[in-house]
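Novice: Dropping in work01.cif, with mmCIF, N, CA and C atoms.
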```cif
data_query
#
loop_
_atom_site.label_atom_id
_atom_site.label_comp_id
_atom_site.auth_asym_id
_atom_site.auth_seq_id
_atom_site.Cartn_x
_atom_site.Cartn_y
_atom_site.Cartn_z
N MET A 23 2.48 7.88 -13.95
CA MET A 23 1.64 9.02 -13.72
C MET A 23 0.23 8.69 -14.19
N SER A 24 -0.75 8.90 -13.35
CA SER A 24 -2.14 8.64 -13.69
C SER A 24 -2.73 9.81 -14.48
N SER A 25 -3.78 9.52 -15.22
CA SER A 25 -4.47 10.54 -15.98
C SER A 25 -5.96 10.22 -15.99
N LEU A 26 -6.73 11.11 -16.56
CA LEU A 26 -8.16 10.87 -16.70
C LEU A 26 -8.36 9.81 -17.77
N ASP A 27 -9.15 8.78 -17.45
CA ASP A 27 -9.43 7.71 -18.41
C ASP A 27 -10.76 7.96 -19.12
N HIS A 28 -11.80 8.28 -18.34
CA HIS A 28 -13.09 8.60 -18.93
C HIS A 28 -13.96 9.33 -17.91
N ILE A 29 -15.03 9.93 -18.40
CA ILE A 29 -15.98 10.64 -17.55
C ILE A 29 -17.38 10.25 -17.99
N GLY A 30 -18.32 10.26 -17.07
CA GLY A 30 -19.69 9.89 -17.40
C GLY A 30 -20.69 10.78 -16.71
N LEU A 31 -21.84 10.92 -17.34
CA LEU A 31 -22.94 11.70 -16.79
C LEU A 31 -24.14 10.79 -16.58
N SER A 32 -24.84 10.96 -15.46
CA SER A 32 -26.13 10.29 -15.27
C SER A 32 -27.18 11.12 -15.98
N VAL A 33 -28.04 10.46 -16.72
CA VAL A 33 -29.06 11.17 -17.48
C VAL A 33 -30.44 10.64 -17.10
N SER A 34 -31.45 11.51 -17.20
CA SER A 34 -32.80 11.11 -16.81
C SER A 34 -33.54 10.39 -17.93
N ASP A 35 -33.21 10.67 -19.18
CA ASP A 35 -33.82 10.00 -20.32
C ASP A 35 -32.69 9.47 -21.20
N PHE A 36 -32.33 8.21 -20.98
CA PHE A 36 -31.18 7.62 -21.65
C PHE A 36 -31.29 7.68 -23.17
N ALA A 37 -32.41 7.27 -23.72
CA ALA A 37 -32.58 7.24 -25.18
C ALA A 37 -32.46 8.64 -25.78
N ALA A 38 -33.09 9.61 -25.15
CA ALA A 38 -33.03 10.99 -25.67
C ALA A 38 -31.62 11.55 -25.57
N ALA A 39 -30.94 11.28 -24.46
CA ALA A 39 -29.57 11.79 -24.29
C ALA A 39 -28.63 11.13 -25.30
N LYS A 40 -28.80 9.84 -25.54
CA LYS A 40 -27.96 9.13 -26.51
C LYS A 40 -28.17 9.72 -27.91
N ALA A 41 -29.40 10.01 -28.27
CA ALA A 41 -29.69 10.61 -29.58
C ALA A 41 -29.09 12.02 -29.67
N PHE A 42 -29.23 12.80 -28.61
CA PHE A 42 -28.70 14.16 -28.60
C PHE A 42 -27.18 14.16 -28.78
N TYR A 43 -26.47 13.38 -27.95
CA TYR A 43 -25.01 13.37 -28.02
C TYR A 43 -24.50 12.73 -29.30
N SER A 44 -25.23 11.75 -29.84
CA SER A 44 -24.84 11.17 -31.13
C SER A 44 -24.81 12.24 -32.21
N ALA A 45 -25.81 13.09 -32.23
CA ALA A 45 -25.87 14.17 -33.23
C ALA A 45 -24.89 15.29 -32.92
N ALA A 46 -24.83 15.70 -31.66
CA ALA A 46 -24.01 16.86 -31.29
C ALA A 46 -22.51 16.59 -31.41
N LEU A 47 -22.08 15.38 -31.11
CA LEU A 47 -20.65 15.07 -31.12
C LEU A 47 -20.12 14.62 -32.47
N LYS A 48 -21.02 14.21 -33.36
CA LYS A 48 -20.61 13.70 -34.67
C LYS A 48 -19.72 14.68 -35.44
N PRO A 49 -20.01 15.99 -35.46
CA PRO A 49 -19.12 16.91 -36.18
C PRO A 49 -17.71 16.98 -35.60
N LEU A 50 -17.55 16.57 -34.35
CA LEU A 50 -16.25 16.57 -33.69
C LEU A 50 -15.49 15.26 -33.94
N GLY A 51 -16.13 14.34 -34.64
CA GLY A 51 -15.51 13.04 -34.89
C GLY A 51 -15.65 12.08 -33.73
N ILE A 52 -16.52 12.42 -32.78
CA ILE A 52 -16.75 11.59 -31.60
C ILE A 52 -18.05 10.83 -31.83
N THR A 53 -17.95 9.49 -31.82
CA THR A 53 -19.11 8.65 -32.14
C THR A 53 -19.31 7.58 -31.07
N LEU A 54 -20.45 6.93 -31.12
CA LEU A 54 -20.76 5.84 -30.21
C LEU A 54 -19.78 4.70 -30.46
N GLN A 55 -19.04 4.31 -29.43
CA GLN A 55 -18.04 3.26 -29.53
C GLN A 55 -18.49 1.96 -28.87
N MET A 56 -19.36 2.09 -27.85
CA MET A 56 -19.72 0.91 -27.06
C MET A 56 -21.00 1.17 -26.30
N GLU A 57 -21.81 0.13 -26.14
CA GLU A 57 -22.99 0.20 -25.29
C GLU A 57 -22.95 -0.94 -24.29
N VAL A 58 -23.46 -0.68 -23.09
CA VAL A 58 -23.56 -1.69 -22.05
C VAL A 58 -25.03 -1.77 -21.65
N THR A 59 -25.59 -2.96 -21.67
CA THR A 59 -27.01 -3.15 -21.39
C THR A 59 -27.27 -3.43 -19.92
N LYS A 60 -28.52 -3.29 -19.53
CA LYS A 60 -28.92 -3.63 -18.16
C LYS A 60 -28.65 -5.10 -17.88
N ALA A 61 -28.86 -5.95 -18.86
CA ALA A 61 -28.62 -7.38 -18.68
C ALA A 61 -27.14 -7.65 -18.40
N GLU A 62 -26.25 -6.93 -19.08
CA GLU A 62 -24.80 -7.13 -18.87
C GLU A 62 -24.34 -6.65 -17.51
N THR A 63 -24.95 -5.58 -16.99
CA THR A 63 -24.52 -5.03 -15.71
C THR A 63 -25.24 -5.66 -14.53
N GLY A 64 -26.28 -6.44 -14.81
CA GLY A 64 -27.00 -7.10 -13.73
C GLY A 64 -27.82 -6.14 -12.89
N GLY A 65 -28.20 -5.04 -13.44
CA GLY A 65 -28.96 -4.08 -12.65
C GLY A 65 -29.67 -3.05 -13.49
N ALA A 66 -29.83 -1.87 -12.92
CA ALA A 66 -30.58 -0.80 -13.56
C ALA A 66 -29.73 0.02 -14.52
N TYR A 67 -28.43 -0.19 -14.53
CA TYR A 67 -27.54 0.66 -15.34
C TYR A 67 -27.44 0.19 -16.78
N GLU A 68 -27.61 1.15 -17.69
CA GLU A 68 -27.24 0.95 -19.08
C GLU A 68 -26.41 2.15 -19.48
N GLY A 69 -25.45 1.93 -20.36
CA GLY A 69 -24.55 3.02 -20.71
C GLY A 69 -24.22 3.06 -22.18
N ALA A 70 -23.84 4.26 -22.61
CA ALA A 70 -23.38 4.48 -23.98
C ALA A 70 -22.06 5.22 -23.90
N GLY A 71 -21.03 4.65 -24.51
CA GLY A 71 -19.69 5.24 -24.48
C GLY A 71 -19.34 5.86 -25.82
N PHE A 72 -19.08 7.14 -25.82
CA PHE A 72 -18.69 7.87 -27.03
C PHE A 72 -17.19 8.12 -27.00
N GLY A 73 -16.56 8.11 -28.16
CA GLY A 73 -15.13 8.37 -28.23
C GLY A 73 -14.64 8.28 -29.66
N THR A 74 -13.37 7.92 -29.79
CA THR A 74 -12.74 7.78 -31.10
C THR A 74 -11.84 6.55 -31.09
N ALA A 75 -11.59 6.01 -32.27
CA ALA A 75 -10.64 4.92 -32.46
C ALA A 75 -10.88 3.74 -31.51
N GLY A 76 -12.15 3.42 -31.25
CA GLY A 76 -12.47 2.27 -30.41
C GLY A 76 -12.39 2.52 -28.92
N LYS A 77 -12.04 3.73 -28.49
CA LYS A 77 -11.87 4.04 -27.06
C LYS A 77 -12.96 5.00 -26.59
N PRO A 78 -13.95 4.48 -25.83
CA PRO A 78 -14.95 5.38 -25.28
C PRO A 78 -14.36 6.17 -24.11
N PHE A 79 -14.55 7.49 -24.14
CA PHE A 79 -14.04 8.33 -23.05
C PHE A 79 -15.10 9.26 -22.48
N PHE A 80 -16.28 9.29 -23.10
CA PHE A 80 -17.40 10.09 -22.59
C PHE A 80 -18.61 9.18 -22.53
N TRP A 81 -19.10 8.95 -21.32
CA TRP A 81 -20.18 7.99 -21.10
C TRP A 81 -21.46 8.67 -20.64
N LEU A 82 -22.58 8.12 -21.09
CA LEU A 82 -23.90 8.47 -20.57
C LEU A 82 -24.42 7.24 -19.87
N GLY A 83 -25.06 7.42 -18.71
CA GLY A 83 -25.58 6.28 -17.99
C GLY A 83 -26.93 6.57 -17.37
N SER A 84 -27.71 5.52 -17.22
CA SER A 84 -29.06 5.61 -16.67
C SER A 84 -29.09 5.27 -15.19
N GLY A 85 -28.18 5.79 -14.40
CA GLY A 85 -28.14 5.46 -12.98
C GLY A 85 -27.00 4.50 -12.71
N GLY A 86 -27.01 3.85 -11.56
CA GLY A 86 -25.92 2.97 -11.17
C GLY A 86 -26.35 1.53 -11.09
N GLY A 87 -25.41 0.63 -11.18
CA GLY A 87 -25.68 -0.81 -11.15
C GLY A 87 -26.37 -1.26 -9.88
N GLY A 88 -27.67 -1.28 -9.87
CA GLY A 88 -28.42 -1.74 -8.71
C GLY A 88 -28.93 -0.61 -7.85
N SER A 89 -28.16 0.44 -7.64
CA SER A 89 -28.62 1.60 -6.89
C SER A 89 -28.24 2.84 -7.67
N ALA A 90 -29.18 3.76 -7.76
CA ALA A 90 -28.95 4.96 -8.56
C ALA A 90 -27.78 5.76 -7.99
N THR A 91 -26.88 6.17 -8.84
CA THR A 91 -25.77 7.02 -8.43
C THR A 91 -25.81 8.28 -9.28
N PRO A 92 -26.57 9.28 -8.81
CA PRO A 92 -26.66 10.52 -9.57
C PRO A 92 -25.32 11.25 -9.55
N GLY A 93 -25.19 12.23 -10.40
CA GLY A 93 -23.98 13.02 -10.41
C GLY A 93 -23.04 12.59 -11.50
N VAL A 94 -21.79 12.88 -11.29
CA VAL A 94 -20.75 12.66 -12.29
C VAL A 94 -19.99 11.37 -11.98
N HIS A 95 -19.54 10.72 -13.02
CA HIS A 95 -18.65 9.56 -12.88
C HIS A 95 -17.31 9.96 -13.50
N VAL A 96 -16.25 9.86 -12.72
CA VAL A 96 -14.91 10.17 -13.20
C VAL A 96 -14.03 8.96 -12.96
N ALA A 97 -13.28 8.56 -13.99
CA ALA A 97 -12.37 7.42 -13.87
C ALA A 97 -10.95 7.86 -14.16
N PHE A 98 -10.06 7.52 -13.26
CA PHE A 98 -8.64 7.82 -13.41
C PHE A 98 -7.90 6.57 -13.86
N ALA A 99 -6.98 6.73 -14.79
CA ALA A 99 -6.19 5.61 -15.29
C ALA A 99 -5.12 5.23 -14.26
N ALA A 100 -5.04 3.95 -13.97
CA ALA A 100 -4.02 3.43 -13.05
C ALA A 100 -2.98 2.67 -13.86
N LYS A 101 -1.74 2.68 -13.38
CA LYS A 101 -0.66 2.02 -14.13
C LYS A 101 -0.74 0.50 -14.04
N ASP A 102 -1.35 -0.01 -12.95
CA ASP A 102 -1.48 -1.46 -12.79
C ASP A 102 -2.61 -1.76 -11.80
N ARG A 103 -2.92 -3.02 -11.64
CA ARG A 103 -4.01 -3.42 -10.76
C ARG A 103 -3.72 -3.10 -9.30
N ALA A 104 -2.47 -3.18 -8.90
CA ALA A 104 -2.12 -2.84 -7.51
C ALA A 104 -2.45 -1.38 -7.21
N GLU A 105 -2.28 -0.52 -8.19
CA GLU A 105 -2.61 0.89 -8.00
C GLU A 105 -4.13 1.07 -7.85
N VAL A 106 -4.91 0.28 -8.58
CA VAL A 106 -6.37 0.31 -8.43
C VAL A 106 -6.74 -0.10 -7.01
N ASP A 107 -6.13 -1.18 -6.53
CA ASP A 107 -6.40 -1.66 -5.17
C ASP A 107 -6.03 -0.60 -4.13
N ALA A 108 -4.88 0.04 -4.31
CA ALA A 108 -4.42 1.07 -3.37
C ALA A 108 -5.36 2.27 -3.37
N PHE A 109 -5.83 2.68 -4.56
CA PHE A 109 -6.81 3.77 -4.65
C PHE A 109 -8.04 3.43 -3.83
N TYR A 110 -8.57 2.24 -4.03
CA TYR A 110 -9.79 1.83 -3.34
C TYR A 110 -9.61 1.88 -1.83
N GLN A 111 -8.53 1.29 -1.34
CA GLN A 111 -8.27 1.28 0.11
C GLN A 111 -8.13 2.69 0.65
N ALA A 112 -7.41 3.55 -0.06
CA ALA A 112 -7.19 4.93 0.40
C ALA A 112 -8.51 5.71 0.39
N ALA A 113 -9.31 5.51 -0.65
CA ALA A 113 -10.57 6.24 -0.74
C ALA A 113 -11.55 5.81 0.35
N ILE A 114 -11.62 4.52 0.64
CA ILE A 114 -12.48 4.03 1.71
C ILE A 114 -11.99 4.57 3.05
N ALA A 115 -10.68 4.54 3.29
CA ALA A 115 -10.11 5.05 4.53
C ALA A 115 -10.36 6.55 4.70
N ALA A 116 -10.48 7.26 3.59
CA ALA A 116 -10.71 8.71 3.63
C ALA A 116 -12.19 9.06 3.75
N GLY A 117 -13.05 8.06 3.84
CA GLY A 117 -14.47 8.32 4.03
C GLY A 117 -15.35 8.02 2.85
N GLY A 118 -14.78 7.51 1.75
CA GLY A 118 -15.58 7.15 0.59
C GLY A 118 -16.44 5.93 0.89
N LYS A 119 -17.54 5.81 0.15
CA LYS A 119 -18.43 4.66 0.30
C LYS A 119 -18.22 3.70 -0.86
N ASP A 120 -18.16 2.43 -0.54
CA ASP A 120 -17.97 1.40 -1.56
C ASP A 120 -19.07 1.48 -2.62
N ASN A 121 -18.65 1.44 -3.88
CA ASN A 121 -19.59 1.38 -5.00
C ASN A 121 -19.14 0.32 -6.00
N GLY A 122 -18.24 -0.56 -5.56
CA GLY A 122 -17.73 -1.64 -6.41
C GLY A 122 -16.28 -1.91 -6.09
N ALA A 123 -16.03 -2.97 -5.33
CA ALA A 123 -14.67 -3.32 -4.92
C ALA A 123 -13.81 -3.63 -6.14
N PRO A 124 -12.50 -3.57 -5.98
CA PRO A 124 -11.60 -3.86 -7.10
C PRO A 124 -11.89 -5.23 -7.71
N GLY A 125 -11.91 -5.27 -9.04
CA GLY A 125 -12.14 -6.53 -9.73
C GLY A 125 -12.31 -6.33 -11.22
N LEU A 126 -12.35 -7.46 -11.92
CA LEU A 126 -12.55 -7.43 -13.37
C LEU A 126 -13.99 -7.06 -13.69
N ARG A 127 -14.17 -6.29 -14.73
CA ARG A 127 -15.48 -5.91 -15.26
C ARG A 127 -15.50 -6.32 -16.73
N ALA A 128 -15.66 -7.61 -16.97
CA ALA A 128 -15.54 -8.17 -18.32
C ALA A 128 -16.60 -7.66 -19.28
N HIS A 129 -17.71 -7.12 -18.76
CA HIS A 129 -18.72 -6.57 -19.67
C HIS A 129 -18.22 -5.32 -20.38
N TYR A 130 -17.14 -4.71 -19.89
CA TYR A 130 -16.50 -3.60 -20.61
C TYR A 130 -15.46 -4.13 -21.59
N HIS A 131 -14.55 -4.95 -21.10
CA HIS A 131 -13.64 -5.73 -21.93
C HIS A 131 -12.90 -6.70 -21.02
N PRO A 132 -12.27 -7.74 -21.55
CA PRO A 132 -11.74 -8.83 -20.73
C PRO A 132 -10.69 -8.44 -19.68
N THR A 133 -9.96 -7.35 -19.88
CA THR A 133 -8.91 -6.98 -18.91
C THR A 133 -9.24 -5.70 -18.15
N TYR A 134 -10.50 -5.27 -18.17
CA TYR A 134 -10.93 -4.05 -17.48
C TYR A 134 -10.96 -4.33 -15.98
N TYR A 135 -10.05 -3.73 -15.23
CA TYR A 135 -9.95 -3.94 -13.79
C TYR A 135 -10.18 -2.59 -13.12
N GLY A 136 -11.28 -2.48 -12.39
CA GLY A 136 -11.62 -1.20 -11.80
C GLY A 136 -12.14 -1.32 -10.38
N ALA A 137 -12.17 -0.18 -9.71
CA ALA A 137 -12.75 -0.06 -8.37
C ALA A 137 -13.49 1.27 -8.32
N PHE A 138 -14.63 1.27 -7.61
CA PHE A 138 -15.52 2.43 -7.59
C PHE A 138 -15.84 2.83 -6.15
N VAL A 139 -15.82 4.13 -5.88
CA VAL A 139 -16.25 4.67 -4.59
C VAL A 139 -17.11 5.89 -4.84
N LEU A 140 -18.01 6.16 -3.89
CA LEU A 140 -18.80 7.37 -3.92
C LEU A 140 -18.17 8.38 -2.97
N ASP A 141 -18.01 9.62 -3.45
CA ASP A 141 -17.50 10.66 -2.56
C ASP A 141 -18.65 11.18 -1.70
N ALA A 142 -18.38 12.17 -0.86
CA ALA A 142 -19.37 12.70 0.07
C ALA A 142 -20.59 13.29 -0.64
N ASP A 143 -20.43 13.69 -1.90
CA ASP A 143 -21.54 14.27 -2.65
C ASP A 143 -22.24 13.26 -3.55
N GLY A 144 -21.84 12.01 -3.49
CA GLY A 144 -22.47 10.97 -4.29
C GLY A 144 -21.91 10.80 -5.68
N ASN A 145 -20.80 11.48 -5.98
CA ASN A 145 -20.15 11.30 -7.28
C ASN A 145 -19.42 9.96 -7.29
N ASN A 146 -19.47 9.28 -8.42
CA ASN A 146 -18.87 7.96 -8.58
C ASN A 146 -17.45 8.12 -9.11
N VAL A 147 -16.46 7.80 -8.27
CA VAL A 147 -15.05 7.97 -8.62
C VAL A 147 -14.43 6.58 -8.78
N GLU A 148 -13.69 6.40 -9.86
CA GLU A 148 -13.15 5.10 -10.22
C GLU A 148 -11.65 5.20 -10.52
N ALA A 149 -10.95 4.12 -10.25
CA ALA A 149 -9.60 3.92 -10.79
C ALA A 149 -9.69 2.67 -11.66
N VAL A 150 -9.04 2.71 -12.84
CA VAL A 150 -9.15 1.60 -13.77
C VAL A 150 -7.81 1.32 -14.42
N CYS A 151 -7.54 0.02 -14.60
CA CYS A 151 -6.37 -0.44 -15.34
C CYS A 151 -6.88 -1.33 -16.47
N HIS A 152 -6.43 -1.07 -17.68
CA HIS A 152 -6.88 -1.84 -18.84
C HIS A 152 -5.90 -2.96 -19.22
N LYS A 153 -4.76 -3.02 -18.55
CA LYS A 153 -3.74 -4.00 -18.89
C LYS A 153 -4.07 -5.37 -18.30
N PRO A 154 -3.63 -6.44 -18.97
CA PRO A 154 -3.76 -7.75 -18.35
C PRO A 154 -2.84 -7.81 -17.12
N GLU A 155 -3.11 -8.75 -16.24
CA GLU A 155 -2.31 -8.88 -15.00
C GLU A 155 -0.89 -8.58 -15.29
#
```
Here is a file; write its structure as structure tokens.

Specialist:
Amino acid sequence: MSSLDHIGLSVSDFAAAKAFYSAALKPLGITLQMEVTKAETGGAYEGAGFGTAGKPFFWLGSGGGGSATPGVHVAFAAKDRAEVDAFYQAAIAAGGKDNGAPGLRAHYHPTYYGAFVLDADGNNVEAVCHKPE
């Protein structure tokens, strides 16, 4: 059974949003767990992942890797890589636009396997598996 893995918001001022959420979420025990730089993503995207116990589940981002993707980013947990591949194929067949074919995203962690599509409203929808092959 799949579940929500993480969610992200595109923000207009990355530094200000990171400072705001760092302060606002701290009383809830939610802290900055991970950052991804523009250099790591090879494009315009930089991100800050907030969460607990080493697991970021709430992300802020400064647009999309190479092309701005405004709106919300939602990632669903997949049980294995084949399920990620099947999600991608089904989403493209249903009219989604490619925003990152299935593959490893080592800048998140060595076994991060995800696929990204844009829905009709430009929201970035992902399926991700964190398990090794």

Novice: If you apply the PyMOL selection byres ((chain A and resi 33-40) around 6) to this file, what residues do you get, as a list in words?

Specialist: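 Given this file, the PyMOL selection byres ((chain A and resi 33-40) around 6) evaluates to Leu31, Ser32, Ala41, Phe42, Tyr43, Ser44, Ala45, Leu82, Gly83, Ser84 and Gly85 of chain A.
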
Novice: Do a neighbour search on range 135-140 of chain A at 6 Å with all atoms listed in the file, toss out local chain neighbours closer than 3 positions, and write the hits as a list in words.

Specialist: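 Residues meeting the cut-off are Val106, Gly118, Lys119, Asp120, Asn121, Gly122, Ala123, Pro124, Gly125, Leu126, Arg127, Asp143, Gly144, Asn145, Asn146, Val147, Glu148, Ala149, Val150, Cys151 and His152 of chain A.
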
Novice: Considering only C-alpha atoms, can you say which of A:Val94, A:Ile52, A:Ala61, A:Leu47 comes closest to Lys77 in chain A?

Specialist: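 For Lys77 in chain A, the nearest of the given residues is A:Ile52.
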
Novice: With only C-alpha atoms as the basis for distance, which of A:Glu62, A:Gly73, A:Ala116, A:Arg103 is at the shortest distance from His131 in chain A?

Specialist: A:Glu62

Novice: What does the distance between CA of Gly64 in chain A and atom C of His95 in chain A come to in Å, to one decimal place?

Specialist: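 Distance reported for this atom pair: 19.6 Å.
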
Novice: Work out how far apart CA of Ala97 in chain A and CA of Gly76 in chain A are and give it in Å to one decimal.

Specialist: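 Atom-to-atom, CA of Ala97 in chain A to CA of Gly76 in chain A, that is 17.3 Å.
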
Novice: Between atom C of Ser25 in chain A and CA of Phe98 in chain A, what is the distance, to one decimal in Å?

Specialist: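 If I compute the distance from atom C of Ser25 in chain A to CA of Phe98 in chain A, I get 4.4 Å.
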
Novice: Run the PyMOL selection byres ((chain A and resi 79) around 8) against the file shown and list the residues it catches, as JSON, numbers by chain.

Specialist: {"A": [26, 27, 28, 29, 30, 55, 70, 71, 72, 73, 74, 76, 77, 78, 80, 81, 82]}

Novice: DSSP on the backbone: what in range 36-136 of chain A comes out helix (DSSP H, G or I), as a VMD selection string?

Specialist: chain A and resid 36 to 50 60 to 63 103 to 115

Novice: Suppose we keep N, CA and C atoms; can you now write the selection as a compact mmCIF listing (two decimals), in the frame of the given file?

Specialist:
```txt
# COMPACT_ATOMS: atom_id res chain seq x y z
N PHE A 36 -32.33 8.21 -20.98
CA PHE A 36 -31.18 7.62 -21.65
C PHE A 36 -31.29 7.68 -23.17
N ALA A 37 -32.41 7.27 -23.72
CA ALA A 37 -32.58 7.24 -25.18
C ALA A 37 -32.46 8.64 -25.78
N ALA A 38 -33.09 9.61 -25.15
CA ALA A 38 -33.03 10.99 -25.67
C ALA A 38 -31.62 11.55 -25.57
N ALA A 39 -30.94 11.28 -24.46
CA ALA A 39 -29.57 11.79 -24.29
C ALA A 39 -28.63 11.13 -25.30
N LYS A 40 -28.80 9.84 -25.54
CA LYS A 40 -27.96 9.13 -26.51
C LYS A 40 -28.17 9.72 -27.91
N ALA A 41 -29.40 10.01 -28.27
CA ALA A 41 -29.69 10.61 -29.58
C ALA A 41 -29.09 12.02 -29.67
N PHE A 42 -29.23 12.80 -28.61
CA PHE A 42 -28.70 14.16 -28.60
C PHE A 42 -27.18 14.16 -28.78
N TYR A 43 -26.47 13.38 -27.95
CA TYR A 43 -25.01 13.37 -28.02
C TYR A 43 -24.50 12.73 -29.30
N SER A 44 -25.23 11.75 -29.84
CA SER A 44 -24.84 11.17 -31.13
C SER A 44 -24.81 12.24 -32.21
N ALA A 45 -25.81 13.09 -32.23
CA ALA A 45 -25.87 14.17 -33.23
C ALA A 45 -24.89 15.29 -32.92
N ALA A 46 -24.83 15.70 -31.66
CA ALA A 46 -24.01 16.86 -31.29
C ALA A 46 -22.51 16.59 -31.41
N LEU A 47 -22.08 15.38 -31.11
CA LEU A 47 -20.65 15.07 -31.12
C LEU A 47 -20.12 14.62 -32.47
N LYS A 48 -21.02 14.21 -33.36
CA LYS A 48 -20.61 13.70 -34.67
C LYS A 48 -19.72 14.68 -35.44
N PRO A 49 -20.01 15.99 -35.46
CA PRO A 49 -19.12 16.91 -36.18
C PRO A 49 -17.71 16.98 -35.60
N LEU A 50 -17.55 16.57 -34.35
CA LEU A 50 -16.25 16.57 -33.69
C LEU A 50 -15.49 15.26 -33.94
N LYS A 60 -28.52 -3.29 -19.53
CA LYS A 60 -28.92 -3.63 -18.16
C LYS A 60 -28.65 -5.10 -17.88
N ALA A 61 -28.86 -5.95 -18.86
CA ALA A 61 -28.62 -7.38 -18.68
C ALA A 61 -27.14 -7.65 -18.40
N GLU A 62 -26.25 -6.93 -19.08
CA GLU A 62 -24.80 -7.13 -18.87
C GLU A 62 -24.34 -6.65 -17.51
N THR A 63 -24.95 -5.58 -16.99
CA THR A 63 -24.52 -5.03 -15.71
C THR A 63 -25.24 -5.66 -14.53
N ARG A 103 -2.92 -3.02 -11.64
CA ARG A 103 -4.01 -3.42 -10.76
C ARG A 103 -3.72 -3.10 -9.30
N ALA A 104 -2.47 -3.18 -8.90
CA ALA A 104 -2.12 -2.84 -7.51
C ALA A 104 -2.45 -1.38 -7.21
N GLU A 105 -2.28 -0.52 -8.19
CA GLU A 105 -2.61 0.89 -8.00
C GLU A 105 -4.13 1.07 -7.85
N VAL A 106 -4.91 0.28 -8.58
CA VAL A 106 -6.37 0.31 -8.43
C VAL A 106 -6.74 -0.10 -7.01
N ASP A 107 -6.13 -1.18 -6.53
CA ASP A 107 -6.40 -1.66 -5.17
C ASP A 107 -6.03 -0.60 -4.13
N ALA A 108 -4.88 0.04 -4.31
CA ALA A 108 -4.42 1.07 -3.37
C ALA A 108 -5.36 2.27 -3.37
N PHE A 109 -5.83 2.68 -4.56
CA PHE A 109 -6.81 3.77 -4.65
C PHE A 109 -8.04 3.43 -3.83
N TYR A 110 -8.57 2.24 -4.03
CA TYR A 110 -9.79 1.83 -3.34
C TYR A 110 -9.61 1.88 -1.83
N GLN A 111 -8.53 1.29 -1.34
CA GLN A 111 -8.27 1.28 0.11
C GLN A 111 -8.13 2.69 0.65
N ALA A 112 -7.41 3.55 -0.06
CA ALA A 112 -7.19 4.93 0.40
C ALA A 112 -8.51 5.71 0.39
N ALA A 113 -9.31 5.51 -0.65
CA ALA A 113 -10.57 6.24 -0.74
C ALA A 113 -11.55 5.81 0.35
N ILE A 114 -11.62 4.52 0.64
CA ILE A 114 -12.48 4.03 1.71
C ILE A 114 -11.99 4.57 3.05
N ALA A 115 -10.68 4.54 3.29
CA ALA A 115 -10.11 5.05 4.53
C ALA A 115 -10.36 6.55 4.70
```

Novice: Would you list, as number ranges by chain, the residues of range 50-149 of chain A that end up in strand (DSSP E) under DSSP run on this structure's backbone?

Specialist: A: 53-58, 69-74, 77-83, 94-99, 119-126, 135-140, 146-149

Novice: Using only C-alpha atoms, which of A:Val58, A:Lys101, A:Thr133, A:Asp141 sits nearest Ala113 in chain A?

Specialist: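 Closest to Ala113 in chain A, using only C-alpha atoms: A:Asp141.
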
Novice: To box range 110-125 of chain A, take all atoms listed in the file, fit an axis-aligned box, add 8 Å on each side, and give centre and edge lengths in Å to one decimal, as JSON.

Specialist:
```
{"center_x": -13.4, "center_y": 1.3, "center_z": -3.3, "size_x": 28.4, "size_y": 31.6, "size_z": 31.9}
```
